[in-house]
$ cat structure-v4.txt   # compact mmCIF, C-alpha atoms and all ligand atoms
# COMPACT_ATOMS: atom_id res chain seq x y z
CA MET F 93 13.46 7.39 14.86
CA THR F 94 9.82 8.31 14.59
CA HIS F 95 8.55 4.80 13.93
CA LYS F 96 10.24 3.43 17.04
CA ASN F 97 8.46 6.05 19.11
CA GLN F 98 5.18 4.90 17.62
CA LYS F 99 5.91 1.33 18.60
CA SER F 100 6.10 2.29 22.25
CA ALA F 101 3.10 4.62 22.02
CA HIS F 102 0.86 1.86 20.62
CA SER F 103 -1.29 4.47 18.96
CA LEU F 104 -3.46 3.36 16.09
CA PRO F 105 -5.11 5.85 13.75
CA PRO F 106 -8.83 6.41 14.18
CA ALA F 107 -11.00 3.95 12.26
CA ALA F 108 -12.17 6.79 10.02
CA PRO F 109 -11.00 10.35 9.82
CA ASP F 110 -13.62 12.76 11.10
CA PRO F 111 -13.79 16.25 9.64
CA SER F 112 -12.84 18.82 12.21
CA ASP F 113 -11.51 22.32 12.41
CA ALA F 114 -13.25 23.20 9.18
CA ASP F 115 -12.48 26.87 8.78
CA ALA F 116 -12.58 28.63 5.45
CA ALA F 117 -10.31 31.36 6.81
CA ASP F 118 -7.33 29.01 6.94
CA ALA F 119 -7.85 27.79 3.36
CA PRO F 120 -5.08 29.88 1.70
CA ALA F 121 -2.47 28.91 4.33
CA LEU F 122 -3.60 25.28 4.20
CA GLY F 123 -3.28 25.34 0.39
CA ALA F 124 0.25 26.73 0.66
CA ILE F 125 1.22 24.11 3.27
CA LEU F 126 -0.09 21.26 1.14
CA ALA F 127 1.69 22.64 -1.93
CA LEU F 128 4.92 22.73 0.08
CA MET F 129 4.33 19.14 1.22
CA SER F 130 3.55 17.94 -2.30
CA GLN F 131 6.73 19.56 -3.58
CA ALA F 132 8.87 18.07 -0.80
CA THR F 133 7.42 14.56 -0.89
CA GLY F 134 6.15 14.07 -4.43
CA LEU F 135 2.78 13.04 -2.96
CA ASP F 136 -0.35 14.02 -4.87
CA LEU F 137 -2.28 15.41 -1.90
CA ASP F 138 -5.24 16.36 -4.12
CA CYS F 139 -6.27 12.70 -3.92
CA TYR F 140 -6.65 12.79 -0.12
CA LYS F 141 -9.68 13.98 1.85
CA GLU F 142 -9.12 17.60 2.78
CA SER F 143 -10.72 17.17 6.21
CA THR F 144 -8.03 14.61 7.15
CA LEU F 145 -5.20 16.76 5.87
CA ARG F 146 -6.55 19.84 7.65
CA ARG F 147 -6.87 17.93 10.93
CA GLN F 148 -3.28 16.66 10.77
CA VAL F 149 -1.90 20.09 9.86
CA TRP F 150 -3.75 21.70 12.78
CA ARG F 151 -2.57 18.94 15.10
CA ARG F 152 1.09 19.69 14.33
CA SER F 153 0.47 23.43 14.47
CA ARG F 154 -1.10 23.19 17.93
CA ALA F 155 1.67 20.90 19.13
CA LEU F 156 4.04 23.82 18.48
CA GLY F 157 1.72 26.19 20.33
CA LEU F 158 0.78 28.10 17.18
CA GLY F 159 -2.67 29.62 16.77
CA SER F 160 -2.79 30.02 12.98
CA LEU F 161 -1.84 28.03 9.91
CA GLN F 162 -0.11 31.12 8.54
CA ALA F 163 2.33 30.96 11.47
CA TYR F 164 2.77 27.21 10.94
CA LEU F 165 3.50 27.79 7.23
CA ALA F 166 6.37 30.10 8.24
CA VAL F 167 7.79 27.36 10.50
CA LEU F 168 7.55 24.77 7.72
CA GLN F 169 9.33 27.06 5.28
CA ALA F 170 12.27 27.34 7.66
CA ASP F 171 12.43 23.87 9.22
CA ALA F 172 12.83 20.73 7.11
CA GLY F 173 12.54 18.60 10.25
CA GLU F 174 9.04 19.90 10.91
CA LEU F 175 8.14 19.21 7.28
CA ALA F 176 9.20 15.60 7.83
CA ARG F 177 7.16 15.39 11.05
CA LEU F 178 4.10 16.72 9.25
CA GLN F 179 4.61 14.24 6.41
CA HIS F 180 4.79 11.46 8.96
CA GLY F 181 1.54 12.68 10.56
CA LEU F 182 -0.23 12.84 7.21
CA LEU F 183 0.77 9.32 6.23
CA VAL F 184 -0.27 7.79 9.57
CA SER F 185 2.18 4.90 9.19
CA VAL F 186 0.98 2.84 12.12
CA SER F 187 -0.21 -0.72 12.21
CA ALA F 188 -0.50 -3.77 14.46
CA PHE F 189 -0.05 -7.54 14.23
CA PHE F 190 -3.30 -9.38 13.45
CA ARG F 191 -5.15 -6.08 13.72
CA ASP F 192 -8.88 -6.83 14.13
CA GLY F 193 -8.22 -10.47 15.02
CA GLU F 194 -11.60 -11.75 13.79
CA VAL F 195 -10.70 -10.58 10.26
CA PHE F 196 -7.76 -12.97 10.18
CA LYS F 197 -10.00 -15.77 11.46
CA ALA F 198 -12.29 -15.12 8.48
CA LEU F 199 -9.34 -14.93 6.11
CA ARG F 200 -7.95 -18.31 7.12
CA PRO F 201 -10.57 -20.60 5.44
CA ALA F 202 -10.39 -18.47 2.29
CA LEU F 203 -6.61 -18.91 2.25
CA GLU F 204 -6.99 -22.64 2.87
CA ALA F 205 -9.23 -22.85 -0.22
CA LEU F 206 -6.67 -20.90 -2.29
CA VAL F 207 -3.84 -23.15 -1.16
CA ALA F 208 -5.85 -26.37 -1.59
CA ALA F 209 -6.62 -25.43 -5.21
CA ARG F 210 -2.91 -25.33 -6.08
CA ARG F 211 -0.54 -28.11 -7.07
CA PRO F 212 2.79 -28.45 -5.21
CA GLY F 213 5.34 -25.93 -6.45
CA GLU F 214 2.80 -23.57 -7.98
CA GLY F 215 3.01 -19.88 -7.15
CA LEU F 216 0.87 -17.86 -4.77
CA ARG F 217 1.27 -14.11 -4.87
CA VAL F 218 0.19 -11.60 -2.25
CA TRP F 219 0.31 -7.79 -2.43
CA VAL F 220 -0.01 -5.60 0.67
CA PRO F 221 -0.11 -1.99 -0.55
CA ALA F 222 0.31 0.76 2.06
CA CYS F 223 1.88 -1.77 4.42
CA ALA F 224 3.27 0.83 6.88
CA THR F 225 5.72 -0.76 9.33
CA GLY F 226 5.11 -4.35 8.21
CA GLU F 227 2.85 -5.85 10.88
CA GLU F 228 0.03 -6.61 8.43
CA VAL F 229 2.49 -8.13 5.95
CA TYR F 230 4.08 -10.46 8.48
CA SER F 231 0.67 -11.38 9.94
CA ILE F 232 -0.51 -12.55 6.50
CA ALA F 233 2.79 -14.32 5.82
CA MET F 234 2.56 -16.13 9.20
CA LEU F 235 -1.02 -17.16 8.50
CA LEU F 236 -0.11 -18.48 5.07
CA GLY F 237 2.86 -20.35 6.53
CA GLU F 238 0.57 -21.95 9.12
CA VAL F 239 -2.00 -22.90 6.44
CA LEU F 240 0.74 -24.46 4.31
CA ASP F 241 2.02 -26.40 7.34
CA GLU F 242 -1.46 -27.67 8.12
CA LEU F 243 -2.28 -28.70 4.55
CA GLY F 244 1.21 -30.04 3.96
CA GLY F 245 1.51 -27.81 0.91
CA ARG F 246 4.65 -26.54 -0.79
CA LEU F 247 4.03 -23.43 -2.83
CA ASP F 248 6.22 -20.74 -4.32
CA LEU F 249 4.94 -18.02 -1.98
CA ARG F 250 5.75 -14.34 -2.60
CA VAL F 251 4.51 -11.42 -0.52
CA PHE F 252 4.98 -7.98 -2.11
CA ALA F 253 4.69 -5.17 0.42
CA THR F 254 4.64 -1.53 -0.63
CA ASP F 255 4.20 1.95 0.80
CA VAL F 256 5.20 5.54 0.00
CA ASP F 257 6.85 5.98 3.38
CA ARG F 258 10.49 4.92 3.00
CA GLU F 259 11.20 5.16 6.71
CA ALA F 260 8.29 2.83 7.48
CA LEU F 261 9.53 0.40 4.82
CA ASP F 262 13.04 0.37 6.34
CA PHE F 263 11.49 -0.45 9.69
CA ALA F 264 9.35 -3.20 8.14
CA ARG F 265 12.29 -4.71 6.26
CA ALA F 266 14.35 -4.93 9.46
CA GLY F 267 11.45 -6.80 11.11
CA LEU F 268 12.46 -5.82 14.67
CA TYR F 269 9.57 -5.15 17.06
CA PRO F 270 9.29 -4.42 20.79
CA GLY F 271 8.02 -7.33 22.86
CA ALA F 272 5.08 -5.25 24.11
CA GLU F 273 3.70 -5.12 20.58
CA LEU F 274 3.84 -8.91 20.28
CA ALA F 275 1.93 -9.70 23.47
CA GLU F 276 -1.23 -10.63 21.54
CA LEU F 277 0.55 -13.10 19.27
CA GLY F 278 0.69 -15.94 21.77
CA GLU F 279 3.71 -18.04 22.71
CA ALA F 280 3.43 -20.54 19.88
CA ARG F 281 3.55 -17.88 17.17
CA LEU F 282 6.29 -15.96 18.92
CA ALA F 283 8.46 -19.07 19.17
CA ARG F 284 7.74 -20.16 15.60
CA TRP F 285 8.19 -16.84 13.75
CA PHE F 286 10.41 -14.59 15.91
CA ARG F 287 13.89 -14.62 17.47
CA PRO F 288 14.64 -12.73 20.70
CA GLU F 289 17.07 -9.81 20.59
CA ALA F 290 18.37 -7.29 23.13
CA ASN F 291 16.12 -4.95 25.15
CA ASP F 292 12.98 -7.05 24.88
CA HIS F 293 12.87 -6.77 21.10
CA TRP F 294 12.07 -9.62 18.75
CA ARG F 295 13.08 -10.06 15.11
CA VAL F 296 10.91 -11.75 12.50
CA SER F 297 12.60 -15.01 11.46
CA LYS F 298 14.80 -14.87 8.37
CA ALA F 299 12.61 -17.44 6.62
CA LEU F 300 9.57 -15.19 6.97
CA ARG F 301 11.48 -12.01 6.05
CA ASP F 302 12.85 -13.72 2.94
CA LEU F 303 9.29 -14.29 1.69
CA CYS F 304 8.49 -10.58 1.84
CA VAL F 305 9.72 -8.02 -0.68
CA PHE F 306 9.35 -4.42 0.53
CA SER F 307 9.39 -1.60 -2.05
CA VAL F 308 8.36 2.00 -2.52
CA HIS F 309 5.09 2.34 -4.42
CA ASP F 310 2.68 5.27 -4.52
CA LEU F 311 -0.91 4.10 -4.95
CA THR F 312 -1.91 7.39 -6.56
CA ARG F 313 0.89 7.49 -9.12
CA HIS F 314 2.21 4.03 -9.89
CA PRO F 315 0.54 1.22 -11.81
CA PRO F 316 -0.69 -1.73 -9.77
CA LEU F 317 1.28 -4.94 -9.46
CA VAL F 318 -0.45 -7.80 -11.25
CA ARG F 319 -1.36 -11.50 -11.11
CA MET F 320 -2.09 -11.41 -7.38
CA ASP F 321 -4.00 -14.11 -5.49
CA LEU F 322 -4.53 -11.97 -2.39
CA LEU F 323 -4.46 -8.19 -2.08
CA SER F 324 -4.76 -6.74 1.41
CA CYS F 325 -5.13 -2.97 1.54
CA ARG F 326 -6.48 -2.09 4.96
CA ASN F 327 -7.16 1.29 6.55
CA VAL F 328 -5.89 3.30 3.60
CA LEU F 329 -8.86 3.93 1.29
CA ILE F 330 -10.53 5.96 4.05
CA TYR F 331 -7.90 8.66 3.65
CA PHE F 332 -8.70 9.18 -0.05
CA LYS F 333 -11.48 11.12 -1.77
CA PRO F 334 -14.33 8.97 -3.18
CA ALA F 335 -13.15 9.30 -6.82
CA GLN F 336 -9.66 8.14 -5.84
CA GLN F 337 -11.13 5.26 -3.82
CA ALA F 338 -13.07 4.13 -6.89
CA GLU F 339 -9.95 4.38 -9.05
CA LEU F 340 -7.96 2.32 -6.53
CA LEU F 341 -10.65 -0.36 -6.36
CA ARG F 342 -10.52 -0.62 -10.17
CA SER F 343 -6.76 -1.00 -10.02
CA PHE F 344 -7.08 -3.68 -7.30
CA HIS F 345 -9.46 -5.60 -9.57
CA PHE F 346 -6.90 -5.29 -12.35
CA ALA F 347 -4.14 -6.50 -10.00
CA LEU F 348 -5.98 -9.66 -8.94
CA ASN F 349 -6.29 -12.97 -10.72
CA PRO F 350 -9.92 -14.05 -11.24
CA GLY F 351 -10.94 -15.66 -7.94
CA GLY F 352 -8.27 -13.71 -6.06
CA LEU F 353 -9.12 -12.26 -2.65
CA LEU F 354 -9.37 -8.60 -1.66
CA LEU F 355 -9.19 -7.60 2.00
CA LEU F 356 -10.10 -4.04 3.02
CA GLY F 357 -10.21 -2.23 6.36
CA LYS F 358 -13.27 -2.45 8.60
CA SER F 359 -14.47 1.02 7.56
CA GLU F 360 -13.90 0.39 3.86
CA SER F 361 -15.88 -1.44 1.20
CA VAL F 362 -16.22 -2.00 -2.52
CA SER F 363 -18.86 0.02 -4.39
CA PRO F 364 -22.52 -0.92 -3.69
CA ASP F 365 -22.83 -2.69 -7.09
CA GLY F 366 -19.85 -4.88 -6.21
CA GLY F 367 -17.57 -3.32 -8.83
CA GLY F 368 -16.27 -6.70 -9.98
CA PHE F 369 -16.09 -8.31 -6.53
CA ASP F 370 -18.26 -10.87 -4.75
CA VAL F 371 -18.60 -10.66 -0.98
CA VAL F 372 -16.91 -13.53 0.89
CA ASP F 373 -17.31 -12.20 4.44
CA PRO F 374 -19.10 -8.85 4.81
CA ALA F 375 -18.04 -8.15 8.40
CA SER F 376 -14.37 -8.68 7.59
CA ARG F 377 -14.55 -6.78 4.29
CA LEU F 378 -13.27 -9.84 2.46
CA TYR F 379 -14.13 -10.01 -1.27
CA ARG F 380 -13.43 -12.27 -4.23
CA CYS F 381 -12.48 -10.86 -7.62
CA THR F 382 -14.89 -11.94 -10.35
CA ALA F 383 -13.72 -12.88 -13.80
CA ARG F 384 -15.92 -10.20 -15.33
CA PRO F 385 -13.57 -7.92 -17.23
CA LEU F 386 -13.62 -4.31 -16.07
CA SER F 387 -12.13 -1.35 -17.80
CA ARG F 388 -8.50 -1.01 -16.90
CA PRO F 389 -7.61 1.56 -14.24
CA LEU F 390 -6.15 4.82 -15.48
CA ARG F 391 -2.83 4.12 -13.72
CA ALA F 392 -2.38 0.94 -15.74
CA MET F 393 -3.13 2.64 -19.02
CA ALA F 394 -0.61 4.24 -21.29
CA GLY F 395 -0.64 7.80 -19.97
CA PRO F 396 1.83 9.10 -22.55
CA LEU F 397 -0.10 7.36 -25.35
CA ARG F 398 -3.25 9.26 -24.45
CA ALA F 399 -1.36 12.48 -24.99
CA ARG F 400 -0.14 11.48 -28.45
CA PRO F 401 -1.45 13.42 -31.43
CA ALA F 402 -3.88 11.55 -33.64
CA GLY F 403 -2.22 9.70 -36.50
CA PRO F 404 -1.72 6.21 -37.85
CA ARG F 405 -0.06 5.07 -34.62
CA ALA F 406 -2.71 6.54 -32.36
CA ALA F 407 -5.41 4.89 -34.44
CA ALA F 408 -3.78 1.47 -34.14
CA GLN F 409 -5.01 -1.01 -31.54
CA PRO F 410 -3.15 -0.13 -28.32
CA ARG F 411 -0.80 -2.85 -27.20
CA ARG F 412 -1.50 -4.42 -23.84
CA ARG F 413 0.44 -2.90 -20.96
CA CYS F 414 1.93 -5.68 -18.98
CA TRP F 415 3.84 -5.74 -15.72
CA SER F 416 6.03 -8.42 -14.33
CA THR F 417 8.38 -8.91 -11.42
CA ARG F 418 11.05 -10.10 -13.85
CA PRO F 419 12.65 -7.70 -16.29
CA SER F 420 12.65 -8.46 -19.98
CA SER F 421 16.01 -7.72 -21.62
CA ARG F 422 14.31 -4.88 -23.47
CA CYS F 423 13.21 -3.12 -20.30
CA ILE F 424 16.60 -3.60 -18.66
CA SER F 425 18.23 -1.90 -21.62
CA SER F 426 15.72 0.99 -21.35
CA ALA F 427 16.56 1.34 -17.67
CA ARG F 428 20.31 1.26 -18.36
CA ARG F 429 19.95 4.08 -20.84
CA GLY F 430 18.24 6.04 -18.07
CA ALA F 431 15.01 6.18 -20.04
CA THR F 432 12.31 7.91 -18.10
CA SER F 433 8.62 7.69 -18.60
CA ARG F 434 5.59 8.63 -16.57
CA CYS F 435 4.70 5.02 -16.18
CA ARG F 436 8.04 3.78 -14.87
CA PRO F 437 7.33 2.53 -11.39
CA ALA F 438 9.63 3.02 -8.39
CA MET F 439 9.41 -0.73 -7.84
CA PRO F 440 11.32 -3.79 -8.85
CA ILE F 441 8.68 -4.47 -11.48
CA PHE F 442 9.40 -4.22 -15.16
CA ARG F 443 7.48 -3.89 -18.36
CA CYS F 444 7.43 -6.90 -20.59
CA SER F 445 8.40 -6.55 -24.23
CA SER F 446 4.81 -5.82 -25.26
CA CYS F 447 4.79 -2.60 -23.27
CA ALA F 448 3.59 0.40 -25.22
CA CYS F 449 5.22 3.23 -23.26
CA PRO F 450 7.54 5.46 -25.28
CA SER F 451 10.77 4.24 -23.67
CA CYS F 452 10.01 0.58 -24.42
CA ALA F 453 8.21 1.11 -27.70
CA ALA F 454 11.16 3.09 -29.02
CA SER F 455 13.77 0.48 -28.19
C1 LIG F 501 -2.93 3.54 8.69
S1 LIG F 501 -1.59 2.92 7.77
C2 LIG F 501 -2.23 1.33 7.30
C3 LIG F 501 -1.32 0.24 7.69
C4 LIG F 501 -1.84 -1.16 7.48
N1 LIG F 501 -2.40 -1.33 6.18
C5 LIG F 501 -2.83 -1.55 8.56
O1 LIG F 501 -4.03 -1.59 8.33
O2 LIG F 501 -2.41 -1.85 9.68
C6 LIG F 501 -1.73 3.87 6.27
C7 LIG F 501 -0.54 3.68 5.34
O3 LIG F 501 -0.88 4.19 4.05
C8 LIG F 501 0.31 4.69 3.48
N2 LIG F 501 -0.03 5.55 2.35
C9 LIG F 501 -0.64 6.75 2.38
N3 LIG F 501 -0.74 7.24 1.13
C10 LIG F 501 -0.20 6.31 0.30
C11 LIG F 501 -0.02 6.25 -1.10
N4 LIG F 501 -0.41 7.24 -1.90
N5 LIG F 501 0.58 5.16 -1.62
C12 LIG F 501 1.00 4.15 -0.81
N6 LIG F 501 0.86 4.15 0.52
C13 LIG F 501 0.26 5.24 1.08
C14 LIG F 501 0.97 5.42 4.62
O4 LIG F 501 2.33 5.66 4.40
C15 LIG F 501 0.70 4.47 5.77
O5 LIG F 501 1.77 3.60 5.94

$ encode --input "structure-v4.txt" --output "structure tokens" --more "lines below"
Ligand SMILES: C[S@@+](CC[C@H](N)C(=O)[O-])C[C@H]1O[C@@H](n2cnc3c(N)ncnc32)[C@H](O)[C@@H]1O
Amino acid sequence: MTHKNQKSAHSLPPAAPDPSDADAADAPALGAILALMSQATGLDLDCYKESTLRRQVWRRSRALGLGSLQAYLAVLQADAGELARLQHGLLVSVSAFFRDGEVFKALRPALEALVAARRPGEGLRVWVPACATGEEVYSIAMLLGEVLDELGGRLDLRVFATDVDREALDFARAGLYPGAELAELGEARLARWFRPEANDHWRVSKALRDLCVFSVHDLTRHPPLVRMDLLSCRNVLIYFKPAQQAELLRSFHFALNPGGLLLLGKSESVSPDGGGFDVVDPASRLYRCTARPLSRPLRAMAGPLRARPAGPRAAAQPRRRCWSTRPSSRCISSARRGATSRCRPAMPIFRCSSCACPSCAAS
């Protein structure tokens, strides 16, 4: 399995993709390759920086000893396995526990403040989009567990972890990692949060795995989850074009409760004017969501409604689109009827009864 190979290779993606191999001559073949990839994976590759895509495509092409993208296109058309390998390369699903350790040191006091502000039994919700193979998710869950231990708190903690890469999510859900990858954790954490298994592998404890819900979610196509207290999206924005980055930051603001925390990768930041976030720790790219209302992100708006012809209904005040982790009976019945809509997410999240999408509005 590809992800297991990565675990032994210990390779992390570069901090920021650097444009290379820019060559207008390969543009038609590159376009055809990306179209093939989009068709096979459902990914909207238009949102990604072309330089990164081009670099990954050339990397695979050279690995096969091919000197042109036209030749590589022919291979891809004949070999589904190579298409999967290219997809894997484009998604760069690699991660590490407590990656950039100082970031987690800066996160800890901010988490302590979040926890201290809650009464026993209250909820605390975390979303880790683009979570890859789970290391970031479990690192945050461990840290929160340790903060709760220290403060003697009991909260209803939920960690939602999402990615487009199903194979990476399967790996993350299983929570089984080679010992070599856990060397930096220290003995206390290893003993507290992991159980030893065969061949120097360690499995994340059931208690920690039970806190974490892993699901498929495409940041470029699905609406954000909502009512989050912490959103950690690290080393992902750098792969997107600036307009898509701005759109994602708007959707992260929408996803967070006022006062909620946003953690980005070390090469990523919110827009220079803050964009609805205050800086908590600039070096760690830790931000706090302000209460100032922003316009809702396009992904959270009623796409189908925008396409409706003008008329009495279009003129009416649009109903608020609302997302929840619990289905309303109305949305379950829509799902049972096999209703489809552009805004139906591939996640265990459901629209509440005030949803305005055609499938819910019609029921
Ligand atoms: C470099 S990894 C980041 C892993 C982790 N956040 C970290 O910092 O260690 C990038 C991840 O982004 C995911 N990704 C890429 N495009 C995505 C999209 N449109 N929606 C959701 N996840 C995406 C990839 O599958 C990959 O797992």

$ residues_near_ligand --input "structure-v4.txt" --ligand "ligand LIG 501 (chain F)" --cutoff "7 Å" --atoms "only C-alpha atoms and all ligand atoms" --output "PyMOL selection string"
chain F and resi 105+135+183-188+191+221-225+227-228+254-257+260+309-312+325-328+357

$ closest_residue --input "structure-v4.txt" --among "F:Ser231, F:Glu204, F:Phe286, F:Leu277" --to "F:Leu243" --atoms "all atoms listed in the file"
F:Glu204

$ atom_distance --input "structure-v4.txt" --atom1 "atom CA of F:Val371" --atom2 "atom CA of F:Leu353"
9.8 Å

$ residues_near_point --input "structure-v4.txt" --point "(0.5, 26.1, 5.8)" --cutoff "6 Å" --atoms "only C-alpha atoms" --output "ChimeraX atom specification"
/F:121-122,124-125,161-162,164-165

$ write_last_selection --input "structure-v4.txt" --atoms "C-alpha atoms" --output "CSV table (one decimal), in the coordinates of the input"
chain,number,residue,atom,x,y,z
F,121,ALA,CA,-2.5,28.9,4.3
F,122,LEU,CA,-3.6,25.3,4.2
F,124,ALA,CA,0.2,26.7,0.7
F,125,ILE,CA,1.2,24.1,3.3
F,161,LEU,CA,-1.8,28.0,9.9
F,162,GLN,CA,-0.1,31.1,8.5
F,164,TYR,CA,2.8,27.2,10.9
F,165,LEU,CA,3.5,27.8,7.2

$ residues_around --input "structure-v4.txt" --residues "F:Glu214" --least-positions-apart "4" --cutoff "9 Å" --atoms "all atoms listed in the file" --output "PDB file with C-alpha atoms, in the coordinates of the input"
ATOM      1  CA  ARG F 210      -2.910 -25.330  -6.080  1.00  0.00           C
ATOM      2  CA  ARG F 246       4.650 -26.540  -0.790  1.00  0.00           C
ATOM      3  CA  LEU F 247       4.030 -23.430  -2.830  1.00  0.00           C
ATOM      4  CA  ASP F 248       6.220 -20.740  -4.320  1.00  0.00           C
ATOM      5  CA  LEU F 249       4.940 -18.020  -1.980  1.00  0.00           C
TER       6      LEU F 249
END

$ atom_distance --input "structure-v4.txt" --atom1 "atom CA of F:Val251" --atom2 "atom CA of F:Gly215"
10.9 Å

$ residues_around --input "structure-v4.txt" --residues "F:Ala209" --least-positions-apart "6" --cutoff "12 Å" --atoms "all atoms listed in the file" --output "number ranges by chain"
F: 202-203, 215-216, 243, 245, 247, 321, 351-352

$ atom_distance --input "structure-v4.txt" --atom1 "atom CA of F:Gly237" --atom2 "atom CA of F:Thr382"
25.9 Å

$ closest_residue --input "structure-v4.txt" --among "F:Leu261, F:Met129, F:Val362, F:Ile232" --to "F:Val308" --atoms "only C-alpha atoms"
F:Leu261

$ residues_around --input "structure-v4.txt" --residues "F:Cys381" --least-positions-apart "4" --cutoff "8 Å" --atoms "only C-alpha atoms" --output "PyMOL selection string"
chain F and resi 345+348-354+368-370

$ residues_near_point --input "structure-v4.txt" --point "(14.3, -0.9, 8.0)" --cutoff "12 Å" --atoms "only C-alpha atoms" --output "VMD selection string"
chain F and resid 93 95 to 96 224 to 226 257 to 269 295 301 306 to 307

$ residues_around --input "structure-v4.txt" --residues "F:Arg281" --least-positions-apart "3" --cutoff "12 Å" --atoms "all atoms listed in the file" --output "PyMOL selection string"
chain F and resi 189-190+230-231+233-235+237-238+274-278+284-287+294+296-297

$ closest_residue --input "structure-v4.txt" --among "F:Gln179, F:Ser361, F:Gln336, F:Gln169" --to "F:Leu145" --atoms "only C-alpha atoms"
F:Gln179

$ closest_residue --input "structure-v4.txt" --among "F:Glu289, F:Asp302, F:Asp118, F:Glu360" --to "F:Arg146" --atoms "only C-alpha atoms"
F:Asp118

$ closest_residue --input "structure-v4.txt" --among "F:Leu182, F:Ala253, F:Ala290, F:Ala375" --to "F:Val220" --atoms "all atoms listed in the file"
F:Ala253

$ closest_residue --input "structure-v4.txt" --among "F:Val167, F:Val305, F:Ala205, F:Glu194" --to "F:Arg250" --atoms "only C-alpha atoms"
F:Val305

$ decode --input "structure-v4.txt" --residues "stretch 201-215 of chain F" --atoms "N, CA and C atoms" --output "PDB file, in the first residue's frame"
ATOM      1  N   PRO F 201      -1.362  26.670  25.234  1.00  0.00           N
ATOM      2  CA  PRO F 201      -2.048  27.655  26.093  1.00  0.00           C
ATOM      3  C   PRO F 201      -3.374  28.128  25.498  1.00  0.00           C
ATOM      4  N   ALA F 202      -3.447  28.201  24.168  1.00  0.00           N
ATOM      5  CA  ALA F 202      -4.706  28.629  23.549  1.00  0.00           C
ATOM      6  C   ALA F 202      -5.788  27.569  23.780  1.00  0.00           C
ATOM      7  N   LEU F 203      -5.400  26.299  23.748  1.00  0.00           N
ATOM      8  CA  LEU F 203      -6.361  25.227  24.025  1.00  0.00           C
ATOM      9  C   LEU F 203      -6.770  25.244  25.493  1.00  0.00           C
ATOM     10  N   GLU F 204      -5.783  25.520  26.356  1.00  0.00           N
ATOM     11  CA  GLU F 204      -6.098  25.581  27.794  1.00  0.00           C
ATOM     12  C   GLU F 204      -7.157  26.650  28.047  1.00  0.00           C
ATOM     13  N   ALA F 205      -7.014  27.802  27.355  1.00  0.00           N
ATOM     14  CA  ALA F 205      -7.993  28.885  27.546  1.00  0.00           C
ATOM     15  C   ALA F 205      -9.374  28.447  27.027  1.00  0.00           C
ATOM     16  N   LEU F 206      -9.385  27.745  25.892  1.00  0.00           N
ATOM     17  CA  LEU F 206     -10.674  27.268  25.349  1.00  0.00           C
ATOM     18  C   LEU F 206     -11.351  26.313  26.336  1.00  0.00           C
ATOM     19  N   VAL F 207     -10.551  25.398  26.856  1.00  0.00           N
ATOM     20  CA  VAL F 207     -11.096  24.384  27.771  1.00  0.00           C
ATOM     21  C   VAL F 207     -11.564  25.043  29.074  1.00  0.00           C
ATOM     22  N   ALA F 208     -10.726  25.981  29.587  1.00  0.00           N
ATOM     23  CA  ALA F 208     -11.053  26.609  30.874  1.00  0.00           C
ATOM     24  C   ALA F 208     -12.353  27.415  30.786  1.00  0.00           C
ATOM     25  N   ALA F 209     -12.683  27.886  29.577  1.00  0.00           N
ATOM     26  CA  ALA F 209     -13.893  28.716  29.427  1.00  0.00           C
ATOM     27  C   ALA F 209     -15.169  27.870  29.367  1.00  0.00           C
ATOM     28  N   ARG F 210     -15.016  26.548  29.396  1.00  0.00           N
ATOM     29  CA  ARG F 210     -16.194  25.684  29.254  1.00  0.00           C
ATOM     30  C   ARG F 210     -16.600  25.053  30.575  1.00  0.00           C
ATOM     31  N   ARG F 211     -17.919  24.813  30.701  1.00  0.00           N
ATOM     32  CA  ARG F 211     -18.400  24.115  31.891  1.00  0.00           C
ATOM     33  C   ARG F 211     -18.325  22.608  31.643  1.00  0.00           C
ATOM     34  N   PRO F 212     -18.221  21.811  32.709  1.00  0.00           N
ATOM     35  CA  PRO F 212     -18.137  20.355  32.535  1.00  0.00           C
ATOM     36  C   PRO F 212     -19.294  19.846  31.669  1.00  0.00           C
ATOM     37  N   GLY F 213     -18.964  18.966  30.737  1.00  0.00           N
ATOM     38  CA  GLY F 213     -20.001  18.360  29.896  1.00  0.00           C
ATOM     39  C   GLY F 213     -20.286  19.121  28.616  1.00  0.00           C
ATOM     40  N   GLU F 214     -19.808  20.369  28.539  1.00  0.00           N
ATOM     41  CA  GLU F 214     -20.040  21.132  27.311  1.00  0.00           C
ATOM     42  C   GLU F 214     -19.220  20.549  26.162  1.00  0.00           C
ATOM     43  N   GLY F 215     -19.599  20.912  24.948  1.00  0.00           N
ATOM     44  CA  GLY F 215     -18.922  20.348  23.777  1.00  0.00           C
ATOM     45  C   GLY F 215     -17.706  21.162  23.359  1.00  0.00           C
TER      46      GLY F 215
END
